[in-house]
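Source file: target04.cif. Holds: mmCIF, C-alpha atoms.
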data_data
loop_
_atom_site.group_PDB
_atom_site.id
_atom_site.type_symbol
_atom_site.label_atom_id
_atom_site.label_comp_id
_atom_site.auth_asym_id
_atom_site.auth_seq_id
_atom_site.Cartn_x
_atom_site.Cartn_y
_atom_site.Cartn_z
ATOM 1 C CA MET A 1 114.456 88.072 115.556
ATOM 2 C CA VAL A 2 116.285 90.877 113.807
ATOM 3 C CA PHE A 3 116.234 90.947 110.002
ATOM 4 C CA LYS A 4 119.397 92.515 108.652
ATOM 5 C CA LYS A 5 120.466 92.822 105.072
ATOM 6 C CA MET A 6 123.401 94.870 103.932
ATOM 7 C CA LEU A 7 122.537 96.187 100.530
ATOM 8 C CA SER A 8 125.777 97.346 99.033
ATOM 9 C CA ALA A 9 129.474 96.696 99.241
ATOM 10 C CA PHE A 10 130.598 99.845 100.994
ATOM 11 C CA GLY A 11 133.469 101.826 99.583
ATOM 12 C CA VAL A 12 136.764 100.342 100.736
ATOM 13 C CA GLY A 13 137.890 102.031 103.915
ATOM 14 C CA GLY A 14 134.680 104.090 104.220
ATOM 15 C CA PRO A 15 132.229 104.173 107.145
ATOM 16 C CA SER A 16 129.570 101.474 107.485
ATOM 17 C CA VAL A 17 125.970 101.594 108.715
ATOM 18 C CA ASP A 18 123.819 98.872 110.231
ATOM 19 C CA THR A 19 120.386 99.502 111.761
ATOM 20 C CA VAL A 20 119.003 97.170 114.411
ATOM 21 C CA LEU A 21 115.293 97.339 115.243
ATOM 22 C CA THR A 22 114.311 96.657 118.839
ATOM 23 C CA ASN A 23 111.270 94.881 117.389
ATOM 24 C CA PRO A 24 110.423 94.725 113.663
ATOM 25 C CA ASN A 25 106.707 94.328 114.510
ATOM 26 C CA THR A 26 104.502 97.406 114.822
ATOM 27 C CA ARG A 27 100.998 98.759 114.141
ATOM 28 C CA PRO A 28 99.648 101.920 112.489
ATOM 29 C CA GLY A 29 99.889 104.825 114.925
ATOM 30 C CA LEU A 30 102.665 103.224 117.003
ATOM 31 C CA THR A 31 106.454 103.599 116.589
ATOM 32 C CA LEU A 32 109.426 101.631 115.305
ATOM 33 C CA ASP A 33 112.282 101.796 117.785
ATOM 34 C CA GLY A 34 115.872 100.930 117.093
ATOM 35 C CA GLN A 35 119.390 102.193 116.753
ATOM 36 C CA VAL A 36 121.627 103.082 113.852
ATOM 37 C CA ASN A 37 125.116 101.658 114.412
ATOM 38 C CA LEU A 38 127.922 103.451 112.601
ATOM 39 C CA VAL A 39 131.549 102.381 112.348
ATOM 40 C CA GLY A 40 134.126 104.866 111.102
ATOM 41 C CA GLY A 41 136.382 103.992 108.181
ATOM 42 C CA ASP A 42 140.118 104.460 107.683
ATOM 43 C CA SER A 43 139.895 108.251 107.698
ATOM 44 C CA PRO A 44 137.599 110.888 109.209
ATOM 45 C CA ALA A 45 134.226 111.199 107.416
ATOM 46 C CA ALA A 46 131.927 114.216 107.333
ATOM 47 C CA ILE A 47 128.430 112.766 107.838
ATOM 48 C CA GLU A 48 125.816 115.176 106.457
ATOM 49 C CA GLN A 49 122.842 113.358 107.941
ATOM 50 C CA VAL A 50 121.439 109.999 109.000
ATOM 51 C CA VAL A 51 117.862 109.362 107.820
ATOM 52 C CA VAL A 52 115.465 106.444 108.349
ATOM 53 C CA GLY A 53 112.440 105.934 106.086
ATOM 54 C CA LEU A 54 109.660 103.423 105.449
ATOM 55 C CA VAL A 55 109.633 101.913 101.953
ATOM 56 C CA THR A 56 107.149 99.604 100.239
ATOM 57 C CA ARG A 57 106.151 98.350 96.796
ATOM 58 C CA VAL A 58 103.351 100.242 95.032
ATOM 59 C CA GLU A 59 101.416 99.461 91.833
ATOM 60 C CA VAL A 60 101.431 102.393 89.427
ATOM 61 C CA GLU A 61 99.100 102.760 86.481
ATOM 62 C CA GLY A 62 100.315 104.350 83.291
ATOM 63 C CA HIS A 63 98.129 104.986 80.244
ATOM 64 C CA ASP A 64 98.935 101.617 78.698
ATOM 65 C CA ALA A 65 100.439 99.488 81.438
ATOM 66 C CA GLU A 66 100.646 98.826 85.128
ATOM 67 C CA TYR A 67 103.988 98.403 86.853
ATOM 68 C CA ALA A 68 105.298 98.113 90.398
ATOM 69 C CA GLY A 69 107.824 100.506 91.860
ATOM 70 C CA THR A 70 109.353 101.010 95.277
ATOM 71 C CA MET A 71 108.326 104.105 97.196
ATOM 72 C CA GLU A 72 109.573 105.729 100.370
ATOM 73 C CA PHE A 73 106.470 107.173 102.028
ATOM 74 C CA HIS A 74 107.675 108.391 105.430
ATOM 75 C CA ARG A 75 111.116 109.586 106.546
ATOM 76 C CA MET A 76 112.825 111.165 109.537
ATOM 77 C CA SER A 77 116.296 112.548 110.176
ATOM 78 C CA VAL A 78 117.846 110.944 113.261
ATOM 79 C CA ARG A 79 121.074 112.958 113.353
ATOM 80 C CA GLY A 80 122.359 116.086 111.646
ATOM 81 C CA GLY A 81 125.878 116.900 110.450
ATOM 82 C CA PHE A 82 128.850 115.565 112.449
ATOM 83 C CA GLU A 83 132.289 114.071 111.936
ATOM 84 C CA LEU A 84 132.877 110.335 112.357
ATOM 85 C CA ALA A 85 136.458 109.620 113.448
ATOM 86 C CA PRO A 86 138.440 106.672 112.026
ATOM 87 C CA LYS A 87 137.177 103.380 113.514
ATOM 88 C CA GLN A 88 134.805 105.295 115.811
ATOM 89 C CA GLN A 89 131.739 103.295 116.860
ATOM 90 C CA LEU A 90 128.554 105.300 117.328
ATOM 91 C CA SER A 91 125.004 104.161 118.127
ATOM 92 C CA ILE A 92 122.151 106.572 117.443
ATOM 93 C CA PRO A 93 118.804 105.562 119.017
ATOM 94 C CA PHE A 94 115.569 106.550 117.261
ATOM 95 C CA GLN A 95 111.783 106.298 117.514
ATOM 96 C CA LEU A 96 110.059 106.545 114.137
ATOM 97 C CA PRO A 97 106.301 107.252 114.348
ATOM 98 C CA VAL A 98 104.387 104.869 112.047
ATOM 99 C CA PRO A 99 101.722 106.800 110.071
ATOM 100 C CA TRP A 100 98.114 105.840 110.801
ATOM 101 C CA GLU A 101 97.563 105.013 107.110
ATOM 102 C CA THR A 102 100.523 102.603 106.910
ATOM 103 C CA PRO A 103 99.291 99.450 105.150
ATOM 104 C CA ILE A 104 98.966 96.154 106.982
ATOM 105 C CA THR A 105 101.545 93.527 106.004
ATOM 106 C CA ASP A 106 100.881 90.714 108.494
ATOM 107 C CA VAL A 107 97.727 89.144 109.931
ATOM 108 C CA TYR A 108 97.820 86.450 112.635
ATOM 109 C CA GLY A 109 101.602 86.364 112.298
ATOM 110 C CA GLN A 110 101.459 85.581 108.575
ATOM 111 C CA ARG A 111 102.607 87.823 105.741
ATOM 112 C CA LEU A 112 99.798 89.012 103.464
ATOM 113 C CA HIS A 113 100.685 87.687 100.042
ATOM 114 C CA GLY A 114 101.772 90.624 97.891
ATOM 115 C CA MET A 115 102.960 92.948 100.700
ATOM 116 C CA THR A 116 106.486 94.164 101.473
ATOM 117 C CA MET A 117 107.644 96.779 103.961
ATOM 118 C CA GLY A 118 111.089 97.869 105.021
ATOM 119 C CA LEU A 119 112.932 100.475 107.054
ATOM 120 C CA ARG A 120 115.680 102.031 104.968
ATOM 121 C CA THR A 121 118.611 103.819 106.616
ATOM 122 C CA GLU A 122 120.591 106.372 104.636
ATOM 123 C CA LEU A 123 123.981 107.667 105.674
ATOM 124 C CA ALA A 124 124.794 110.755 103.607
ATOM 125 C CA VAL A 125 128.574 111.123 103.503
ATOM 126 C CA ALA A 126 130.124 114.316 102.125
ATOM 127 C CA ARG A 127 131.856 113.762 98.759
ATOM 128 C CA ALA A 128 131.149 110.017 98.797
ATOM 129 C CA VAL A 129 128.560 107.448 97.736
ATOM 130 C CA ASP A 130 125.697 107.321 100.216
ATOM 131 C CA LYS A 131 125.562 104.173 102.339
ATOM 132 C CA SER A 132 122.317 102.366 103.058
ATOM 133 C CA ASP A 133 120.829 99.469 104.978
ATOM 134 C CA LEU A 134 117.351 97.881 104.803
ATOM 135 C CA ASP A 135 115.492 96.018 107.552
ATOM 136 C CA GLN A 136 112.257 94.134 107.078
ATOM 137 C CA VAL A 137 109.265 95.473 109.018
ATOM 138 C CA ALA A 138 105.927 93.794 109.834
ATOM 139 C CA VAL A 139 102.854 96.025 110.271
ATOM 140 C CA HIS A 140 100.043 94.288 112.168
ATOM 141 C CA PRO A 141 96.372 95.344 112.170
ATOM 142 C CA LEU A 142 94.768 97.520 114.805
ATOM 143 C CA PRO A 143 91.902 95.851 116.726
ATOM 144 C CA VAL A 144 89.150 97.252 114.475
ATOM 145 C CA HIS A 145 91.033 96.120 111.321
ATOM 146 C CA GLU A 146 91.450 92.673 112.836
ATOM 147 C CA ARG A 147 87.740 92.338 113.680
ATOM 148 C CA ILE A 148 86.701 93.307 110.133
ATOM 149 C CA LEU A 149 89.218 90.881 108.561
ATOM 150 C CA GLU A 150 87.966 88.150 110.936
ATOM 151 C CA ALA A 151 84.393 88.926 109.868
ATOM 152 C CA PHE A 152 85.284 88.314 106.202
ATOM 153 C CA GLN A 153 86.752 84.955 107.197
ATOM 154 C CA ARG A 154 83.732 84.061 109.341
ATOM 155 C CA LEU A 155 81.451 84.872 106.409
ATOM 156 C CA GLY A 156 83.430 82.426 104.261
ATOM 157 C CA PHE A 157 85.504 84.798 102.104
ATOM 158 C CA GLY A 158 88.899 83.476 100.986
ATOM 159 C CA PHE A 159 91.892 85.815 100.996
ATOM 160 C CA LYS A 160 93.354 86.223 97.512
ATOM 161 C CA HIS A 161 95.984 88.956 97.401
ATOM 162 C CA ALA A 162 96.931 92.381 98.749
ATOM 163 C CA ASP A 163 98.673 95.265 97.041
ATOM 164 C CA LEU A 164 99.116 99.021 97.149
ATOM 165 C CA GLU A 165 97.699 101.223 94.407
ATOM 166 C CA ARG A 166 99.071 104.677 93.790
ATOM 167 C CA GLY A 167 96.336 107.323 93.802
ATOM 168 C CA HIS A 168 93.645 108.819 95.993
ATOM 169 C CA ILE A 169 90.116 107.663 96.753
ATOM 170 C CA ARG A 170 87.503 110.281 95.977
ATOM 171 C CA GLY A 171 85.881 111.798 99.048
ATOM 172 C CA VAL A 172 88.270 110.193 101.563
ATOM 173 C CA GLN A 173 90.855 112.196 103.514
ATOM 174 C CA GLN A 174 94.142 110.521 102.665
ATOM 175 C CA THR A 175 97.646 111.599 103.686
ATOM 176 C CA LEU A 176 99.653 108.931 101.825
ATOM 177 C CA PRO A 177 99.874 108.819 98.006
ATOM 178 C CA PHE A 178 98.571 105.236 97.806
ATOM 179 C CA TYR A 179 95.947 102.952 99.357
ATOM 180 C CA GLN A 180 95.899 99.246 100.142
ATOM 181 C CA GLU A 181 93.541 96.780 98.463
ATOM 182 C CA ILE A 182 92.946 93.466 100.245
ATOM 183 C CA GLU A 183 91.234 91.140 97.781
ATOM 184 C CA PHE A 184 88.914 88.252 98.694
ATOM 185 C CA PHE A 185 87.239 85.529 96.664
ATOM 186 C CA ALA A 186 83.479 85.677 97.228
ATOM 187 C CA ALA A 187 82.010 83.480 99.957
ATOM 188 C CA PRO A 188 79.554 80.797 98.736
ATOM 189 C CA GLN A 189 76.437 82.657 99.947
ATOM 190 C CA TYR A 190 77.421 85.752 97.907
ATOM 191 C CA ALA A 191 78.808 83.917 94.895
ATOM 192 C CA GLY A 192 75.625 84.380 92.874
ATOM 193 C CA THR A 193 75.991 88.165 93.200
ATOM 194 C CA VAL A 194 79.716 88.948 93.371
ATOM 195 C CA ARG A 195 82.943 87.389 92.105
ATOM 196 C CA GLU A 196 85.399 89.201 94.363
ATOM 197 C CA VAL A 197 85.457 91.876 97.039
ATOM 198 C CA GLU A 198 88.262 94.385 97.577
ATOM 199 C CA LEU A 199 88.622 95.929 101.017
ATOM 200 C CA THR A 200 90.481 99.200 101.726
ATOM 201 C CA PHE A 201 91.149 100.751 105.129
ATOM 202 C CA VAL A 202 92.031 104.446 105.343
ATOM 203 C CA THR A 203 92.931 104.876 109.000
ATOM 204 C CA SER A 204 93.323 107.969 111.171
ATOM 205 C CA GLN A 205 93.561 108.669 114.864
ATOM 206 C CA ARG A 206 89.771 109.147 114.911
ATOM 207 C CA GLY A 207 88.779 105.911 113.186
ATOM 208 C CA VAL A 208 88.770 104.027 109.901
ATOM 209 C CA ASP A 209 87.132 104.657 106.539
ATOM 210 C CA VAL A 210 86.235 101.224 105.161
ATOM 211 C CA ILE A 211 85.850 101.146 101.383
ATOM 212 C CA LEU A 212 84.389 98.081 99.686
ATOM 213 C CA GLU A 213 84.450 97.324 95.996
ATOM 214 C CA CYS A 214 82.315 94.414 94.877
ATOM 215 C CA ASP A 215 82.946 92.945 91.443
ATOM 216 C CA LYS A 216 79.319 92.120 90.564
ATOM 217 C CA ARG A 217 78.377 89.284 88.275
ATOM 218 C CA GLY A 218 76.451 90.106 85.123
ATOM 219 C CA GLY A 219 72.962 88.754 84.651
ATOM 220 C CA PHE A 220 71.410 87.116 81.589
ATOM 221 C CA LEU A 221 70.855 90.513 79.944
ATOM 222 C CA SER A 222 73.303 92.743 81.842
ATOM 223 C CA ALA A 223 77.058 93.149 82.014
ATOM 224 C CA GLY A 224 79.012 92.766 85.247
ATOM 225 C CA GLN A 225 79.866 95.980 87.078
ATOM 226 C CA ASP A 226 81.736 97.278 90.118
ATOM 227 C CA ALA A 227 79.750 98.470 93.136
ATOM 228 C CA PHE A 228 81.277 100.681 95.833
ATOM 229 C CA GLY A 229 80.452 101.267 99.466
ATOM 230 C CA ARG A 230 82.117 103.492 102.065
ATOM 231 C CA TYR A 231 81.607 103.154 105.807
ATOM 232 C CA GLN A 232 83.135 104.872 108.818
ATOM 233 C CA VAL A 233 83.953 103.090 112.054
ATOM 234 C CA SER A 234 85.516 104.177 115.311
ATOM 235 C CA HIS A 235 88.467 102.469 117.000
ATOM 236 C CA ALA A 236 86.237 102.213 120.085
ATOM 237 C CA ASP A 237 83.767 100.023 118.156
ATOM 238 C CA ALA A 238 86.254 97.133 117.892
ATOM 239 C CA ASP A 239 84.658 95.026 120.635
ATOM 240 C CA ARG A 240 81.186 96.572 120.672
ATOM 241 C CA VAL A 241 79.499 95.059 117.644
ATOM 242 C CA ASP A 242 78.981 91.762 115.823
ATOM 243 C CA TRP A 243 81.304 92.453 112.920
ATOM 244 C CA ALA A 244 80.138 89.529 110.777
ATOM 245 C CA GLN A 245 76.629 91.005 110.922
ATOM 246 C CA VAL A 246 77.922 94.509 110.167
ATOM 247 C CA VAL A 247 80.072 93.399 107.213
ATOM 248 C CA ASP A 248 77.230 91.278 105.837
ATOM 249 C CA GLY A 249 74.997 94.373 105.987
ATOM 250 C CA TRP A 250 77.638 96.472 104.223
ATOM 251 C CA LEU A 251 78.000 93.904 101.442
ATOM 252 C CA ARG A 252 74.255 93.588 100.881
ATOM 253 C CA GLU A 253 73.818 97.363 100.863
ATOM 254 C CA THR A 254 76.802 97.928 98.556
ATOM 255 C CA THR A 255 75.699 95.374 95.973
ATOM 256 C CA SER A 256 72.130 96.702 95.943
ATOM 257 C CA ARG A 257 72.786 100.425 95.495
ATOM 258 C CA TYR A 258 75.296 100.673 92.681
ATOM 259 C CA GLY A 259 73.319 103.356 90.817
ATOM 260 C CA SER A 260 72.951 105.822 93.673
ATOM 261 C CA LEU A 261 76.624 105.595 94.628
ATOM 262 C CA ARG A 262 77.755 106.372 91.117
ATOM 263 C CA SER A 263 75.565 109.473 91.012
ATOM 264 C CA HIS A 264 77.077 110.853 94.225
ATOM 265 C CA GLY A 265 80.459 111.740 92.795
ATOM 266 C CA TYR A 266 82.291 108.434 92.999
ATOM 267 C CA GLY A 267 83.251 108.604 89.301
ATOM 268 C CA SER A 268 86.853 109.080 88.225
ATOM 269 C CA SER A 269 88.037 112.479 87.161
ATOM 270 C CA HIS A 270 89.685 110.770 84.218
ATOM 271 C CA GLY A 271 86.651 108.843 83.073
ATOM 272 C CA HIS A 272 88.381 105.468 83.233
ATOM 273 C CA GLY A 273 89.132 102.915 85.899
ATOM 274 C CA HIS A 274 91.906 100.403 86.141
ATOM 275 C CA SER A 275 93.367 99.100 82.931
ATOM 276 C CA ARG A 276 92.881 95.610 84.312
ATOM 277 C CA GLY A 277 89.165 96.257 84.579
ATOM 278 C CA HIS A 278 88.806 96.335 88.339
ATOM 279 C CA GLY A 279 90.582 97.690 91.387
ATOM 280 C CA MET A 280 89.172 100.880 92.879
ATOM 281 C CA GLY A 281 87.854 101.562 89.381
ATOM 282 C CA GLY A 282 85.962 104.804 89.096
ATOM 283 C CA MET A 283 86.728 105.888 92.654
ATOM 284 C CA VAL A 284 90.356 106.709 91.965
ATOM 285 C CA ALA A 285 91.281 110.205 91.040
ATOM 286 C CA GLY A 286 94.770 110.261 89.553
ATOM 287 C CA ALA A 287 96.887 112.255 91.981
ATOM 288 C CA ALA A 288 100.383 113.652 91.984
ATOM 289 C CA LEU A 289 102.796 111.785 94.214
ATOM 290 C CA GLY A 290 103.332 114.826 96.408
ATOM 291 C CA VAL A 291 104.073 113.700 99.956
ATOM 292 C CA ALA A 292 106.458 110.846 99.456
ATOM 293 C CA GLY A 293 109.152 111.885 97.047
ATOM 294 C CA GLY A 294 109.896 109.757 94.039
ATOM 295 C CA MET A 295 110.114 106.074 93.378
ATOM 296 C CA ILE A 296 113.435 104.458 94.236
ATOM 297 C CA ALA A 297 115.262 101.604 92.576
ATOM 298 C CA GLY A 298 112.999 98.559 92.532
ATOM 299 C CA GLU A 299 115.796 96.004 92.605
ATOM 300 C CA MET A 300 116.983 97.114 95.999
ATOM 301 C CA ILE A 301 113.879 96.174 97.930
ATOM 302 C CA GLU A 302 113.247 93.114 95.745
ATOM 303 C CA ASP A 303 116.659 91.695 96.655
ATOM 304 C CA ALA A 304 116.271 92.518 100.303
ATOM 305 C CA PHE A 305 112.925 90.781 100.631
ATOM 306 C CA GLU A 306 113.625 87.852 98.354
ATOM 307 C CA GLY A 307 112.421 84.666 100.018
ATOM 308 C CA ASP A 308 110.822 86.511 102.929
ATOM 309 C CA PHE A 309 107.186 86.099 101.871
ATOM 310 C CA GLY A 310 105.729 83.891 104.572
ATOM 311 C CA GLY A 311 102.494 81.952 104.360
ATOM 312 C CA ASP A 312 99.188 83.429 103.306
ATOM 313 C CA PHE A 313 96.661 85.032 105.602
ATOM 314 C CA GLY A 314 94.051 82.490 106.535
ATOM 315 C CA GLY A 315 96.343 79.478 106.985
ATOM 316 C CA ASP A 316 96.135 76.847 109.699
ATOM 317 C CA GLU A 317 97.319 78.959 112.557
#

Translate the structure described by the file into structure tokens.
Amino acid sequence: MVFKKMLSAFGVGGPSVDTVLTNPNTRPGLTLDGQVNLVGGDSPAAIEQVVVGLVTRVEVEGHDAEYAGTMEFHRMSVRGGFELAPKQQLSIPFQLPVPWETPITDVYGQRLHGMTMGLRTELAVARAVDKSDLDQVAVHPLPVHERILEAFQRLGFGFKHADLERGHIRGVQQTLPFYQEIEFFAAPQYAGTVREVELTFVTSQRGVDVILECDKRGGFLSAGQDAFGRYQVSHADADRVDWAQVVDGWLRETTSRYGSLRSHGYGSSHGHGHSRGHGMGGMVAGAALGVAGGMIAGEMIEDAFEGDFGGDFGGDE
């Protein structure tokens, strides 16, 4: 099924753009294939370039507040300057590589609550308002992601929410200016120790850095605290190990060694964590946006995705 949403009333008599994805489903490290369909207007138009880019919603922390903005994090030009004749129809095929670190939006065919992803097409027209189109995209997990998510379910964790946090994780090689947090309610057998667990994948061609943050319960005489663990796995390990056993080991190790992790440089360069008191907490070093260019108008993606949030991960599939 193709998701199409025209985002603006194009200038009367001007060219129009509509992108059709061959398949809106993809995975990190694969491609999104499709074609940009242009139709000329009433008069010739000088097209400066046609660009496709991946956009998503990212949580941004200010000093006093947290807000969500829409960010384009990967873009590619599909055609340089040319002239589009009146009423001319032109289809431009493209293959957009999907970055390895692209966050997961769908698991078992269900949208992760809190995630949005779209492919935005820009048609830059000389001396005119740029035209644009937005298509919904679904990013599915790679096998090793899927096994780890399954392990959390097998251990009894309940999926709560997923979002993207702007920033970088200390000590992890990251190419995108944000990371994904997949939040779980604690399983019954861990409930005496932790309230929630946040899972982050930072994926590359070589493998996956798995970062866990456990929101530990306070004891009779101690306050609650966040404990962090970081583990590296290979894509080849997907079907080689008992992931429930591995994840259980990670969780037990992470919750037991809070002190030593903090002393190995996992503190924040700013000396404070999230304003909401959890999240990646001390592991986040505030970082300049760099790679992705600025935030773009939030309303655009909100409107395009309105009503498209499917069920939650972990339903009765």

- Within 8 Å of range 43-57 of chain A, counting all atoms listed in the file, which residues qualify if same-chain residues fewer than 5 places away don't, as a PyMOL selection string? chain A and resi 13-15+68-86+96+115-126+164+301

- the PyMOL selection byres ((chain A and resi 200) around 12) on the file shown: which residues, as a PyMOL selection string? chain A and resi 101-104+145+148-149+162-165+168-169+172+174+178-184+197-199+201-203+208-214+228-232+279-280+283

Can you spit out the residues from that selection as a CSV table (one decimal), keeping the file's coordinate frame, using C-alpha atoms?
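Printed below is out-v3.csv as written:
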chain,number,residue,atom,x,y,z
A,101,GLU,CA,97.6,105.0,107.1
A,102,THR,CA,100.5,102.6,106.9
A,103,PRO,CA,99.3,99.4,105.2
A,104,ILE,CA,99.0,96.2,107.0
A,145,HIS,CA,91.0,96.1,111.3
A,148,ILE,CA,86.7,93.3,110.1
A,149,LEU,CA,89.2,90.9,108.6
A,162,ALA,CA,96.9,92.4,98.7
A,163,ASP,CA,98.7,95.3,97.0
A,164,LEU,CA,99.1,99.0,97.1
A,165,GLU,CA,97.7,101.2,94.4
A,168,HIS,CA,93.6,108.8,96.0
A,169,ILE,CA,90.1,107.7,96.8
A,172,VAL,CA,88.3,110.2,101.6
A,174,GLN,CA,94.1,110.5,102.7
A,178,PHE,CA,98.6,105.2,97.8
A,179,TYR,CA,95.9,103.0,99.4
A,180,GLN,CA,95.9,99.2,100.1
A,181,GLU,CA,93.5,96.8,98.5
A,182,ILE,CA,92.9,93.5,100.2
A,183,GLU,CA,91.2,91.1,97.8
A,184,PHE,CA,88.9,88.3,98.7
A,197,VAL,CA,85.5,91.9,97.0
A,198,GLU,CA,88.3,94.4,97.6
A,199,LEU,CA,88.6,95.9,101.0
A,201,PHE,CA,91.1,100.8,105.1
A,202,VAL,CA,92.0,104.4,105.3
A,203,THR,CA,92.9,104.9,109.0
A,208,VAL,CA,88.8,104.0,109.9
A,209,ASP,CA,87.1,104.7,106.5
A,210,VAL,CA,86.2,101.2,105.2
A,211,ILE,CA,85.8,101.1,101.4
A,212,LEU,CA,84.4,98.1,99.7
A,213,GLU,CA,84.4,97.3,96.0
A,214,CYS,CA,82.3,94.4,94.9
A,228,PHE,CA,81.3,100.7,95.8
A,229,GLY,CA,80.5,101.3,99.5
A,230,ARG,CA,82.1,103.5,102.1
A,231,TYR,CA,81.6,103.2,105.8
A,232,GLN,CA,83.1,104.9,108.8
A,279,GLY,CA,90.6,97.7,91.4
A,280,MET,CA,89.2,100.9,92.9
A,283,MET,CA,86.7,105.9,92.7

- Atomic separation - CA of Pro28 in chain A relative to CA of Gln205 in chain A, Å: 9.4 Å

- Message: List the spatial neighbours of Asp239 in chain A as a PyMOL selection string - criterion: any atom at most 12 Å away, all atoms listed in the file, same-chain residues fewer than 6 positions off excluded.
- Response: chain A and resi 142-148+233

Requested write-out: C-alpha atoms of the selected residues, as a PDB file, in the coordinates of the input:
ATOM      1  CA  LEU A 142      94.768  97.520 114.805  1.00  0.00           C
ATOM      2  CA  PRO A 143      91.902  95.851 116.726  1.00  0.00           C
ATOM      3  CA  VAL A 144      89.150  97.252 114.475  1.00  0.00           C
ATOM      4  CA  HIS A 145      91.033  96.120 111.321  1.00  0.00           C
ATOM      5  CA  GLU A 146      91.450  92.673 112.836  1.00  0.00           C
ATOM      6  CA  ARG A 147      87.740  92.338 113.680  1.00  0.00           C
ATOM      7  CA  ILE A 148      86.701  93.307 110.133  1.00  0.00           C
ATOM      8  CA  VAL A 233      83.953 103.090 112.054  1.00  0.00           C
TER       9      VAL A 233
END

- Here CA of Ser234 in chain A and CA of Gly156 in chain A stand apart by 24.5 Å

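Put simply, CA of Pro93 in chain A is 12.7 Å away from CA of Thr31 in chain A.
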